[in-house]
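Below is one structure, written out as structure tokens; the observations come after it.
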Amino acid sequence: VDTPALLLDLDAFEANLATMRDRLAGTGTRLRAHAKTHKSAVIAQRQAAYGAIGQCVQKVAEAECLAWGGIGDILVSNQIAGRTKLARLAALSRIVQVALCVDDAAQVEDAAAVAADAGIRLSVLVEIDVGMGRCGVPPGPPAVALAQRIAASPHLIFGGLQSYHGRAQHIPSREARAQAIGLAADETRRTVEQLRQVGLDCPVVGGAGTGTFALEAASGVWNEIQAGSYVFMDLGYAGIGDPPPFRHSLFVLGTVISAARDGVAVLDAGHKAVAVDSGLPAVWQRPDLVCTGLSDEHANLRCEGARPQVGQKLRLVPGHCDPTVDRHDWYVGVRNGRVECLWPIAARGAMA
Ligand SMILES: Cc1ncc(COP(=O)(O)O)c(C=O)c1O
């Protein structure tokens with residue numbers, strides 16, 4: 001394998017798929033895995049083989065890519081502004097099951113207009129802000145009012161609630177994470193009840209990520225779990241207290257291209273190969289090699305023991321898996337030291 005390359009340890013990856021399937025069994029929740037992490041219809045198909053009922057995406061282009069890759073049930077867990085993009089989604093909904101989220105009356109109007117033009121009915125979820133502080137109307141009456149607008153349109157179907165607490169995912173203490181999800185559960189439950197009082201059921205109550213999925217799954221409030229990073233398990237998640245039960249399966253393979261100075265080695269994998277928004281990468285199973293910084297095409301390693309030789313290959317564990325994946329064209333799937341597959345990252349750069 002020439003470098004830099006994105007390696008997928010297939011044993012660890014499959015163990016992660018099985019762990020998530022087993023952890024959700026009997027909780028009354030289903031897995032709608034998030035494709036923003038892997039951007040690959042092949043990985044989505046593998047998740048389906050381990051029980052995922054569909055995929056979440058953040059972007060219409062990701063939905064298109066997954067649909068053409070054979071994924072039949074896709075939720076855009078995000079807001080879509082403007083009829084151009086909505087029309088693409090409406091066109092897609094002729095081929096696969098599609099739903100999207102809204103937090104504004106104008107989005108409901110636009111979705112209804114494009115659905116009417118396309119001669120279809122679109123499923124629309126109301127996003128509530130349960131602590132993330134990003135998108136979403138406040139829980140309770142504002143969410144009910146928006147749901148009633150959706151239900152009143154002959155071209156739309158009220159699909160339920162999107163209730164994702166992103167900020168809770170990496171809270172270091174387990175107790176504080178549980179408290180945050182407890183508050184989100186109260187707000188979500190209250191909104192579901194208020195919707196029921198006006199005659200609206202929630203077929204989907206979606207949310208959760210890799211850091212908190214066990215809490216949402218046990219709450220009795222959510223019925224769809226949207227975890228994404230669990231397939232790869234990055235350093236960001238490995239570093240939280242009582243980390244989620246997944247193995248590192250994603251690595252950036254680099255080659256030592258320089259060891260000219262005492263105590264320092266330099267790899268050929270820099271910012272263009274590995275994302276550092278959640279911290280510098282670690283060298284896999286080499287605590288004696290510490291990454292001290294990256295430049296565009298280089299990673300500097302401080303060597304606390306023997307210096308690696310020029311030409312030696314080393315695995316980096318990324319701090320944040322999603323943007324690292326988006327820097328590569330292929331997963332190189334490896335097992336027992338051999339390459340078993342090459343999977344295209346087909347939705348790489350699919351941002352529109
Ligand atoms: C709406 C939504 N759901 C689910 C997730 C999945 O989170 P994770 O990759 O941490 O499992 C994200 C991640 O950002 C998200 O934005």
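Starting from 1 in every chain, residues are counted up; chains themselves are A, B, ... following the order of the structure tokens, and ligands are numbered from 1 as listed.
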Practice prompt. Around ligand 1, at most 7 Å away and counting only C-alpha atoms and all ligand atoms, which residues are there? Put them as a ChimeraX atom specification, please.
Written response: /A:34,37,77-78,164,166,169,207-211,226-230
Residue contacts of stretch 40-56 of chain A (7 Å, only C-alpha atoms) excluding same-chain residues fewer than 4 positions away, as a PDB file with C-alpha atoms, in the first residue's frame:
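result39.pdb, written as the output of this step:
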```
ATOM      1  CA  LEU A  17     -20.934  -3.176  13.398  1.00  0.00           C
ATOM      2  CA  ALA A  18     -21.709  -6.229  15.539  1.00  0.00           C
ATOM      3  CA  ARG A  21     -26.253  -4.257  16.572  1.00  0.00           C
ATOM      4  CA  ARG A  30     -33.515   0.944  15.284  1.00  0.00           C
ATOM      5  CA  LEU A  31     -30.234   2.085  13.780  1.00  0.00           C
ATOM      6  CA  ARG A  32     -30.281   4.694  11.040  1.00  0.00           C
ATOM      7  CA  ALA A  33     -26.527   5.118  10.765  1.00  0.00           C
ATOM      8  CA  HIS A  34     -25.059   8.472   9.784  1.00  0.00           C
ATOM      9  CA  ALA A  35     -23.332   8.484   6.392  1.00  0.00           C
ATOM     10  CA  LEU A  66     -26.309   6.675  -1.450  1.00  0.00           C
ATOM     11  CA  GLY A  69     -25.485   3.033  -4.439  1.00  0.00           C
ATOM     12  CA  ASP A  73     -34.297   4.716   2.975  1.00  0.00           C
ATOM     13  CA  ILE A  74     -32.568   8.046   3.612  1.00  0.00           C
ATOM     14  CA  LEU A  75     -33.213  10.847   6.122  1.00  0.00           C
ATOM     15  CA  VAL A  76     -31.610  14.235   5.551  1.00  0.00           C
ATOM     16  CA  SER A  77     -31.026  15.012   9.242  1.00  0.00           C
ATOM     17  CA  GLN A 226     -28.178   8.078  14.236  1.00  0.00           C
ATOM     18  CA  TRP A 343     -13.984   0.827  -1.414  1.00  0.00           C
ATOM     19  CA  PRO A 344     -14.590   4.176  -3.102  1.00  0.00           C
ATOM     20  CA  ILE A 345     -15.461   7.177  -0.901  1.00  0.00           C
ATOM     21  CA  ALA A 346     -18.001   8.099  -3.512  1.00  0.00           C
ATOM     22  CA  ALA A 347     -19.601  10.983  -1.614  1.00  0.00           C
TER      23      ALA A 347
END
```
Who sits within 8 Å of stretch 262-278 of chain A, only C-alpha atoms, same chain under 5 positions skipped, as an mmCIF file with N, CA and C atoms, in the first residue's frame:
```
data_model
loop_
_atom_site.group_PDB
_atom_site.id
_atom_site.type_symbol
_atom_site.label_atom_id
_atom_site.label_comp_id
_atom_site.auth_asym_id
_atom_site.auth_seq_id
_atom_site.Cartn_x
_atom_site.Cartn_y
_atom_site.Cartn_z
ATOM 1 N N THR A 3 1.665 5.323 0.189
ATOM 2 C CA THR A 3 1.161 6.256 1.198
ATOM 3 C C THR A 3 1.200 7.700 0.716
ATOM 4 N N PRO A 4 0.427 8.586 1.362
ATOM 5 C CA PRO A 4 -0.517 8.311 2.444
ATOM 6 C C PRO A 4 -1.752 7.573 1.927
ATOM 7 N N ALA A 5 -2.323 6.731 2.776
ATOM 8 C CA ALA A 5 -3.514 5.961 2.389
ATOM 9 C C ALA A 5 -4.422 5.833 3.605
ATOM 10 N N GLY A 236 -11.031 11.334 19.313
ATOM 11 C CA GLY A 236 -11.963 12.220 20.012
ATOM 12 C C GLY A 236 -12.892 11.422 20.909
ATOM 13 N N VAL A 252 -4.644 6.392 9.064
ATOM 14 C CA VAL A 252 -3.934 6.955 7.915
ATOM 15 C C VAL A 252 -2.536 6.349 7.937
ATOM 16 N N LEU A 253 -2.234 5.621 6.873
ATOM 17 C CA LEU A 253 -0.913 4.993 6.780
ATOM 18 C C LEU A 253 0.065 6.004 6.172
ATOM 19 N N GLY A 254 1.197 6.184 6.844
ATOM 20 C CA GLY A 254 2.226 7.096 6.335
ATOM 21 C C GLY A 254 3.577 6.403 6.300
ATOM 22 N N THR A 255 4.496 7.011 5.549
ATOM 23 C CA THR A 255 5.867 6.481 5.450
ATOM 24 C C THR A 255 6.839 7.508 6.026
ATOM 25 N N VAL A 256 7.831 7.038 6.769
ATOM 26 C CA VAL A 256 8.876 7.942 7.270
ATOM 27 C C VAL A 256 9.718 8.385 6.069
ATOM 28 N N ILE A 257 9.695 9.704 5.813
ATOM 29 C CA ILE A 257 10.473 10.203 4.662
ATOM 30 C C ILE A 257 11.739 10.916 5.116
ATOM 31 N N LEU A 294 1.640 19.065 12.407
ATOM 32 C CA LEU A 294 1.533 18.729 10.985
ATOM 33 C C LEU A 294 1.807 19.964 10.154
ATOM 34 N N SER A 295 2.288 19.765 8.948
ATOM 35 C CA SER A 295 2.201 20.795 7.916
ATOM 36 C C SER A 295 1.441 20.152 6.757
ATOM 37 N N ASP A 296 1.352 20.833 5.640
ATOM 38 C CA ASP A 296 0.454 20.330 4.585
ATOM 39 C C ASP A 296 0.703 18.861 4.260
ATOM 40 N N GLU A 297 1.971 18.488 4.099
ATOM 41 C CA GLU A 297 2.295 17.135 3.630
ATOM 42 C C GLU A 297 3.176 16.356 4.594
ATOM 43 N N HIS A 298 3.360 16.861 5.818
ATOM 44 C CA HIS A 298 4.276 16.218 6.768
ATOM 45 C C HIS A 298 3.650 16.108 8.149
ATOM 46 N N ALA A 299 4.031 15.026 8.848
ATOM 47 C CA ALA A 299 3.725 14.917 10.285
ATOM 48 C C ALA A 299 5.063 14.777 11.004
ATOM 49 N N ASN A 300 5.285 15.643 11.991
ATOM 50 C CA ASN A 300 6.513 15.556 12.788
ATOM 51 C C ASN A 300 6.278 14.666 14.000
ATOM 52 N N LEU A 301 7.177 13.700 14.199
ATOM 53 C CA LEU A 301 7.066 12.795 15.337
ATOM 54 C C LEU A 301 8.271 12.986 16.259
ATOM 55 N N ARG A 302 7.967 13.115 17.551
ATOM 56 C CA ARG A 302 9.061 13.119 18.538
ATOM 57 C C ARG A 302 9.310 11.667 18.942
ATOM 58 N N CYS A 303 10.560 11.251 18.866
ATOM 59 C CA CYS A 303 10.876 9.842 19.142
ATOM 60 C C CYS A 303 11.463 9.747 20.541
ATOM 61 N N GLU A 304 10.752 9.095 21.427
ATOM 62 C CA GLU A 304 11.243 8.980 22.802
ATOM 63 C C GLU A 304 12.107 7.732 22.982
ATOM 64 N N GLY A 305 12.092 6.856 21.993
ATOM 65 C CA GLY A 305 12.946 5.674 22.023
ATOM 66 C C GLY A 305 13.750 5.650 20.723
ATOM 67 N N ARG A 307 14.727 5.761 16.922
ATOM 68 C CA ARG A 307 14.157 6.517 15.812
ATOM 69 C C ARG A 307 13.764 5.553 14.692
ATOM 70 N N PRO A 308 12.549 5.668 14.127
ATOM 71 C CA PRO A 308 12.212 4.787 13.013
ATOM 72 C C PRO A 308 13.082 5.092 11.787
ATOM 73 N N PRO A 318 -6.637 8.946 13.597
ATOM 74 C CA PRO A 318 -7.059 10.351 13.512
ATOM 75 C C PRO A 318 -7.823 10.822 14.750
ATOM 76 N N GLY A 319 -7.711 12.133 15.019
ATOM 77 C CA GLY A 319 -8.503 12.740 16.094
ATOM 78 C C GLY A 319 -9.979 12.757 15.751
ATOM 79 N N HIS A 320 -10.302 13.015 14.480
ATOM 80 C CA HIS A 320 -11.699 13.146 14.046
ATOM 81 C C HIS A 320 -11.847 12.395 12.726
ATOM 82 N N CYS A 321 -12.708 11.384 12.720
ATOM 83 C CA CYS A 321 -12.780 10.516 11.540
ATOM 84 C C CYS A 321 -13.467 11.190 10.334
ATOM 85 N N PRO A 323 -13.919 14.342 8.875
ATOM 86 C CA PRO A 323 -13.163 15.145 7.909
ATOM 87 C C PRO A 323 -11.895 14.458 7.413
ATOM 88 N N THR A 324 -11.391 13.475 8.154
ATOM 89 C CA THR A 324 -10.238 12.707 7.641
ATOM 90 C C THR A 324 -10.661 11.886 6.432
ATOM 91 N N ARG A 327 -10.858 13.491 3.007
ATOM 92 C CA ARG A 327 -9.609 13.850 2.318
ATOM 93 C C ARG A 327 -9.115 12.726 1.410
ATOM 94 N N HIS A 328 -9.849 11.620 1.321
ATOM 95 C CA HIS A 328 -9.341 10.433 0.602
ATOM 96 C C HIS A 328 -10.353 9.943 -0.442
#
```
Check your understanding: Which is closer to A:His155 than all the others in A:Ala115, A:Ile128, A:Ala185, A:Ala180, using only C-alpha atoms?
Key ->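 Among the listed residues, the smallest separation from A:His155 belongs to A:Ala115.
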Using DSSP on the backbone coordinates, identify the residues of stretch 5-73 of chain A assigned to strand (DSSP E or B); present them as a PDB file with C-alpha atoms, in the first residue's frame.
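Output file result_35.pdb follows:
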```
ATOM      1  CA  ALA A   5      -3.514   5.961   2.389  1.00  0.00           C
ATOM      2  CA  LEU A   6      -6.704   5.516   4.389  1.00  0.00           C
ATOM      3  CA  LEU A   7      -6.689   2.041   5.913  1.00  0.00           C
ATOM      4  CA  LEU A   8      -9.752   0.245   7.202  1.00  0.00           C
ATOM      5  CA  ASP A   9      -9.039  -2.658   9.559  1.00  0.00           C
ATOM      6  CA  ARG A  30     -33.515   0.944  15.284  1.00  0.00           C
ATOM      7  CA  LEU A  31     -30.234   2.085  13.780  1.00  0.00           C
ATOM      8  CA  ARG A  32     -30.281   4.694  11.040  1.00  0.00           C
ATOM      9  CA  ALA A  33     -26.527   5.118  10.765  1.00  0.00           C
ATOM     10  CA  HIS A  34     -25.059   8.472   9.784  1.00  0.00           C
ATOM     11  CA  GLY A  54     -31.426   3.128   6.601  1.00  0.00           C
ATOM     12  CA  GLN A  55     -29.020   6.038   6.585  1.00  0.00           C
ATOM     13  CA  CYS A  56     -28.894   9.670   7.646  1.00  0.00           C
ATOM     14  CA  VAL A  57     -27.133  12.255   5.524  1.00  0.00           C
ATOM     15  CA  ASP A  73     -34.297   4.716   2.975  1.00  0.00           C
TER      16      ASP A  73
END
```
| task | Mind checking which residues fall within 12 Å of A:Thr27, counting only C-alpha atoms, ignoring those fewer than 3 positions away in the same chain, and posting them as a ChimeraX atom specification? | result | /A:20-24,30-31,213-225
Output for the residues just chosen: C-alpha atoms as a short mmCIF file (atom, residue, chain, number, x, y, z; two decimals), in the first residue's frame:
```cif
data_model
loop_
_atom_site.label_atom_id
_atom_site.label_comp_id
_atom_site.auth_asym_id
_atom_site.auth_seq_id
_atom_site.Cartn_x
_atom_site.Cartn_y
_atom_site.Cartn_z
CA MET A 20 -23.75 -1.63 17.78
CA ARG A 21 -26.25 -4.26 16.57
CA ASP A 22 -25.95 -6.13 19.89
CA ARG A 23 -26.16 -2.99 22.06
CA LEU A 24 -29.38 -1.84 20.37
CA ARG A 30 -33.52 0.94 15.28
CA LEU A 31 -30.23 2.08 13.78
CA PHE A 213 -26.36 6.33 21.96
CA ALA A 214 -26.79 3.93 24.90
CA LEU A 215 -28.56 6.66 26.87
CA GLU A 216 -31.02 7.55 24.10
CA ALA A 217 -31.58 3.86 23.37
CA ALA A 218 -32.47 3.19 27.02
CA SER A 219 -34.69 6.27 27.41
CA GLY A 220 -37.90 4.97 25.88
CA VAL A 221 -38.21 8.31 24.03
CA TRP A 222 -36.16 7.92 20.86
CA ASN A 223 -36.82 5.15 18.35
CA GLU A 224 -34.05 5.88 15.79
CA ILE A 225 -30.35 6.06 16.65
#
```
Please, which residues of stretch 123-274 of chain A, numbered as in this document, come out helix (DSSP H, G or I) from DSSP, as a VMD selection string?
-> chain A and resid 141 to 152 166 to 168 174 to 197 213 to 219 229 to 231 235 to 238
What are the closest atom pairs, with distances in Å to one decimal, for each residue of stretch 34-151 of chain A lying within 12 Å of stretch 186-193 of chain A, using only C-alpha atoms, rows by chain and rising residue number, as CSV?
```
residue,atom,partner,partner_atom,distance
A:Val126,CA,A:Thr191,CA,10.7
A:Glu127,CA,A:Thr188,CA,10.4
A:Ile128,CA,A:Thr188,CA,8.0
A:Asp129,CA,A:Glu187,CA,9.2
A:Val130,CA,A:Glu187,CA,6.8
A:Gly131,CA,A:Glu187,CA,9.9
A:Val137,CA,A:Thr191,CA,11.3
A:Pro138,CA,A:Glu187,CA,9.1
A:Pro139,CA,A:Thr191,CA,5.9
A:Gly140,CA,A:Thr191,CA,4.7
A:Pro141,CA,A:Thr191,CA,7.7
A:Pro142,CA,A:Thr191,CA,9.5
A:Ala143,CA,A:Thr191,CA,7.3
A:Val144,CA,A:Thr191,CA,7.3
A:Ala145,CA,A:Thr191,CA,11.0
A:Leu146,CA,A:Thr191,CA,11.9
A:Ala147,CA,A:Thr191,CA,10.7
```
Atom pair atom CA of A:Gly119 + atom CA of A:Gln162, distance 25.4 Å
Q. Which is closer to A:Ile71 than all the others in A:Leu235, A:Val204, A:Val198, A:Gln97, using only C-alpha atoms?
A.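 Of all the options, A:Gln97 lies closest to A:Ile71.
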